[in-house]
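> Please find input_21.cif (mmCIF, C-alpha atoms and all ligand atoms; chains and numbers go by the auth columns) on the next line:
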data_start
loop_
_atom_site.group_PDB
_atom_site.id
_atom_site.type_symbol
_atom_site.label_atom_id
_atom_site.label_comp_id
_atom_site.label_asym_id
_atom_site.label_seq_id
_atom_site.Cartn_x
_atom_site.Cartn_y
_atom_site.Cartn_z
_atom_site.B_iso_or_equiv
_atom_site.auth_seq_id
_atom_site.auth_asym_id
ATOM 1 C CA MET A 1 -6.532 14.839 -18.125 0.00 160 A
ATOM 2 C CA ARG A 2 -4.433 12.740 -20.463 0.00 161 A
ATOM 3 C CA ILE A 3 -1.003 11.897 -19.089 0.00 162 A
ATOM 4 C CA HIS A 4 0.248 9.316 -21.563 0.00 163 A
ATOM 5 C CA GLN A 5 -0.603 7.803 -24.921 0.00 164 A
ATOM 6 C CA TYR A 6 -2.988 5.289 -23.363 0.00 165 A
ATOM 7 C CA LEU A 7 -3.445 6.719 -19.871 0.00 166 A
ATOM 8 C CA GLU A 8 -5.583 9.434 -18.376 0.00 167 A
ATOM 9 C CA ILE A 9 -6.557 10.710 -14.945 0.00 168 A
ATOM 10 C CA ASN A 10 -10.312 10.504 -14.594 0.00 169 A
ATOM 11 C CA ASP A 11 -12.673 12.652 -12.535 0.00 170 A
ATOM 12 C CA ASN A 12 -12.087 10.447 -9.489 0.00 171 A
ATOM 13 C CA LYS A 13 -8.327 11.167 -9.664 0.00 172 A
ATOM 14 C CA LYS A 14 -7.527 7.634 -10.751 0.00 173 A
ATOM 15 C CA ILE A 15 -5.146 6.609 -13.517 0.00 174 A
ATOM 16 C CA LYS A 16 -7.149 4.822 -16.168 0.00 175 A
ATOM 17 C CA CYS A 17 -6.361 2.903 -19.357 0.00 176 A
ATOM 18 C CA LEU A 18 -7.862 4.747 -22.336 0.00 177 A
ATOM 19 C CA LYS A 19 -8.207 1.542 -24.335 0.00 178 A
ATOM 20 C CA CYS A 20 -10.330 -0.536 -21.958 0.00 179 A
ATOM 21 C CA GLY A 21 -11.197 1.802 -19.079 0.00 180 A
ATOM 22 C CA HIS A 22 -9.361 -0.279 -16.494 0.00 181 A
ATOM 23 C CA VAL A 23 -8.374 1.757 -13.407 0.00 182 A
ATOM 24 C CA LEU A 24 -4.766 1.010 -12.468 0.00 183 A
ATOM 25 C CA CYS A 25 -4.315 3.080 -9.324 0.00 184 A
ATOM 26 C CA ASP A 26 -4.701 6.416 -7.626 0.00 185 A
ATOM 27 C CA ALA A 27 -3.225 9.423 -9.455 0.00 186 A
ATOM 28 C CA LYS A 28 -0.775 9.915 -6.567 0.00 187 A
ATOM 29 C CA GLU A 29 0.707 6.441 -7.125 0.00 188 A
ATOM 30 C CA ASN A 30 3.111 5.068 -9.710 0.00 189 A
ATOM 31 C CA TYR A 31 0.962 3.214 -12.231 0.00 190 A
ATOM 32 C CA LYS A 32 3.972 1.072 -13.120 0.00 191 A
ATOM 33 C CA ASP A 33 3.681 -0.602 -9.719 0.00 192 A
ATOM 34 C CA TYR A 34 0.326 -1.935 -10.933 0.00 193 A
ATOM 35 C CA ALA A 35 1.246 -2.802 -14.510 0.00 194 A
ATOM 36 C CA PRO A 36 2.762 -6.146 -15.543 0.00 195 A
ATOM 37 C CA ARG A 37 6.359 -5.661 -16.632 0.00 196 A
ATOM 38 C CA ALA A 38 8.183 -7.626 -19.311 0.00 197 A
ATOM 39 C CA GLU A 39 11.970 -7.668 -19.383 0.00 198 A
ATOM 40 C CA LYS A 40 13.739 -7.599 -22.744 0.00 199 A
ATOM 41 C CA ASP A 41 17.431 -8.110 -23.283 0.00 200 A
ATOM 42 C CA PRO A 42 18.605 -5.313 -25.639 0.00 201 A
ATOM 43 C CA ALA A 43 20.922 -7.815 -27.327 0.00 202 A
ATOM 44 C CA SER A 44 17.854 -9.775 -28.454 0.00 203 A
ATOM 45 C CA LEU A 45 16.316 -6.743 -30.178 0.00 204 A
ATOM 46 C CA PRO A 46 17.368 -5.900 -33.731 0.00 205 A
ATOM 47 C CA GLY A 47 19.068 -2.556 -34.305 0.00 206 A
ATOM 48 C CA ILE A 48 20.113 -2.053 -30.680 0.00 207 A
ATOM 49 C CA ARG A 49 23.814 -1.579 -30.065 0.00 208 A
ATOM 50 C CA PRO A 50 25.099 -4.076 -27.493 0.00 209 A
ATOM 51 C CA THR A 51 26.939 -1.385 -25.527 0.00 210 A
ATOM 52 C CA MET A 52 24.474 -0.931 -22.718 0.00 211 A
ATOM 53 C CA GLY A 53 26.082 -3.206 -20.180 0.00 212 A
ATOM 54 C CA MET A 54 23.573 -4.506 -17.673 0.00 213 A
ATOM 55 C CA HIS A 55 20.714 -2.405 -18.993 0.00 214 A
ATOM 56 C CA VAL A 56 17.503 -4.010 -20.139 0.00 215 A
ATOM 57 C CA TYR A 57 14.255 -2.845 -21.695 0.00 216 A
ATOM 58 C CA TYR A 58 11.163 -2.942 -19.515 0.00 217 A
ATOM 59 C CA GLU A 59 7.780 -2.959 -21.202 0.00 218 A
ATOM 60 C CA TYR A 60 4.703 -2.093 -19.140 0.00 219 A
ATOM 61 C CA TYR A 61 1.258 -3.394 -20.030 0.00 220 A
ATOM 62 C CA CYS A 62 -2.298 -2.677 -19.000 0.00 221 A
ATOM 63 C CA PRO A 63 -3.221 -5.597 -16.693 0.00 222 A
ATOM 64 C CA ASN A 64 -6.642 -5.843 -18.334 0.00 223 A
ATOM 65 C CA CYS A 65 -6.217 -5.375 -22.112 0.00 224 A
ATOM 66 C CA TYR A 66 -2.417 -5.803 -22.404 0.00 225 A
ATOM 67 C CA THR A 67 -1.907 -2.609 -24.367 0.00 226 A
ATOM 68 C CA MET A 68 1.735 -1.603 -24.056 0.00 227 A
ATOM 69 C CA LEU A 69 1.708 1.515 -21.887 0.00 228 A
ATOM 70 C CA ASP A 70 5.377 2.419 -21.730 0.00 229 A
ATOM 71 C CA VAL A 71 8.889 1.194 -22.411 0.00 230 A
ATOM 72 C CA GLU A 72 11.880 2.186 -20.355 0.00 231 A
ATOM 73 C CA VAL A 73 15.570 1.381 -20.333 0.00 232 A
ATOM 74 C CA ALA A 74 16.843 0.617 -16.865 0.00 233 A
ATOM 75 C CA GLU A 75 19.461 -1.316 -15.003 0.00 234 A
ATOM 76 C CA LYS A 76 18.591 -4.970 -14.669 0.00 235 A
ATOM 77 C CA GLY A 77 16.499 -5.472 -11.536 0.00 236 A
ATOM 78 C CA ALA A 78 15.866 -1.747 -11.007 0.00 237 A
ATOM 79 C CA PRO A 79 12.493 -0.670 -9.607 0.00 238 A
ATOM 80 C CA PRO A 80 10.067 0.970 -12.059 0.00 239 A
ATOM 81 C CA LEU A 81 10.904 4.566 -12.969 0.00 240 A
ATOM 82 C CA TRP A 82 8.333 6.998 -11.649 0.00 241 A
ATOM 83 C CA ASP A 83 8.219 9.283 -14.670 0.00 242 A
ATOM 84 C CA ILE A 84 4.719 10.637 -14.165 0.00 243 A
ATOM 85 C CA GLN A 85 4.172 12.189 -10.740 0.00 244 A
ATOM 86 C CA ILE A 86 1.146 14.392 -10.457 0.00 245 A
ATOM 87 C CA ASN A 87 0.688 16.614 -7.452 0.00 246 A
ATOM 88 C CA MET A 88 -3.091 16.844 -7.350 0.00 247 A
ATOM 89 C CA GLU A 89 -3.058 19.381 -4.507 0.00 248 A
ATOM 90 C CA ASN A 90 -0.972 21.844 -6.517 0.00 249 A
ATOM 91 C CA TYR A 91 -3.124 21.111 -9.544 0.00 250 A
ATOM 92 C CA VAL A 92 -6.229 22.167 -7.621 0.00 251 A
ATOM 93 C CA GLU A 93 -4.520 25.245 -6.152 0.00 252 A
ATOM 94 C CA ASP A 94 -3.366 26.419 -9.584 0.00 253 A
ATOM 95 C CA THR A 95 -6.906 26.101 -10.923 0.00 254 A
ATOM 96 C CA THR A 96 -8.301 28.114 -8.019 0.00 255 A
ATOM 97 C CA ALA A 97 -5.647 30.822 -8.477 0.00 256 A
ATOM 98 C CA SER A 98 -6.424 31.306 -12.159 0.00 257 A
ATOM 99 C CA VAL A 99 -10.140 31.594 -11.372 0.00 258 A
ATOM 100 C CA SER A 100 -9.601 34.281 -8.697 0.00 259 A
ATOM 101 C CA ASP A 101 -7.309 36.226 -11.058 0.00 260 A
ATOM 102 C CA LYS A 102 -10.197 36.748 -13.436 0.00 261 A
ATOM 103 C CA SER A 103 -12.544 38.274 -10.842 0.00 262 A
HETATM 104 ZN ZN ZN B . -6.409 -1.471 -20.786 0.00 1 B
#
Reformat the file's structure so that it appears as structure tokens.
Ligand SMILES: [Zn+2]

Amino acid sequence: MRIHQYLEINDNKKIKCLKCGHVLCDAKENYKDYAPRAEKDPASLPGIRPTMGMHVYYEYYCPNCYTMLDVEVAEKGAPPLWDIQINMENYVEDTTASVSDKS
């Protein structure tokens, strides 16, 4: 199951980099806790309006192949956003329900 441009959940319910196959963490965890994060000052980037106050850009990389996985705008020093939360239990239940509907 693909969850991001360069990320998928494999058969073992782990979040994996599609580029190099590196397993970052369990599907129930926030992969950003396991990905190196680079902080960029928006004022240093061309074309960005300097009206964002204390906000910065965070870039997340695969710890193995350094493919950029995601970019987020957040307050300086904020913890990583958890934008992909997968409830694997519900996922399994939904699959079972659709199977029993057919029979
Ligand atoms: Zn990778």
> What residues of the protein or nucleic acid chains come within 12 Å of ligand ZN 1 (chain B) when you use all atoms listed in the file? Reply as a VMD selection string.
chain A and resid 164 to 167 174 to 183 193 to 195 219 to 228
> Please report the interatomic distance between atom CA of Lys187 of chain A and atom CA of Lys173 of chain A in Å with one decimal.
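Distance reported for this atom pair: 8.3 Å.
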> I would like the residues chosen by the PyMOL selection byres (((chain A and resi 160) around 10) and not hetatm) on the shown file; could you give them as a list of chain:residue names?
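This file gives the following for the PyMOL selection byres (((chain A and resi 160) around 10) and not hetatm): A:Arg161, A:Ile162, A:His163, A:Leu166, A:Glu167, A:Ile168, A:Asn169, A:Asp170, A:Lys172, A:Ile174.
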> Would you kindly translate the PyMOL selection byres (((chain A and resi 244) around 12) and not hetatm) into the concrete residues it picks from this file, as a compact mmCIF listing (two decimals) with C-alpha atoms, in the frame of the given file?

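Output contents, as saved in expr29.txt:
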# COMPACT_ATOMS: atom_id res chain seq x y z
CA ILE A 162 -1.00 11.90 -19.09
CA HIS A 163 0.25 9.32 -21.56
CA ILE A 168 -6.56 10.71 -14.94
CA ILE A 174 -5.15 6.61 -13.52
CA ASP A 185 -4.70 6.42 -7.63
CA ALA A 186 -3.22 9.42 -9.46
CA LYS A 187 -0.78 9.91 -6.57
CA GLU A 188 0.71 6.44 -7.12
CA ASN A 189 3.11 5.07 -9.71
CA TYR A 190 0.96 3.21 -12.23
CA LYS A 191 3.97 1.07 -13.12
CA LEU A 240 10.90 4.57 -12.97
CA TRP A 241 8.33 7.00 -11.65
CA ASP A 242 8.22 9.28 -14.67
CA ILE A 243 4.72 10.64 -14.16
CA ILE A 245 1.15 14.39 -10.46
CA ASN A 246 0.69 16.61 -7.45
CA MET A 247 -3.09 16.84 -7.35
CA GLU A 248 -3.06 19.38 -4.51
CA ASN A 249 -0.97 21.84 -6.52
CA TYR A 250 -3.12 21.11 -9.54
> Let me know the residues the PyMOL selection byres (((chain A and resi 234) around 6) and not hetatm) catches in the file above, as a PyMOL selection string.
chain A and resi 213-214+233+235+237
> From the options A:Val232, A:Cys184, A:Pro239, A:Val215, which residue's atoms come nearest to Ala202 of chain A, counting all atoms listed in the file?
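Distance minimum relative to Ala202 of chain A lands on A:Val215.
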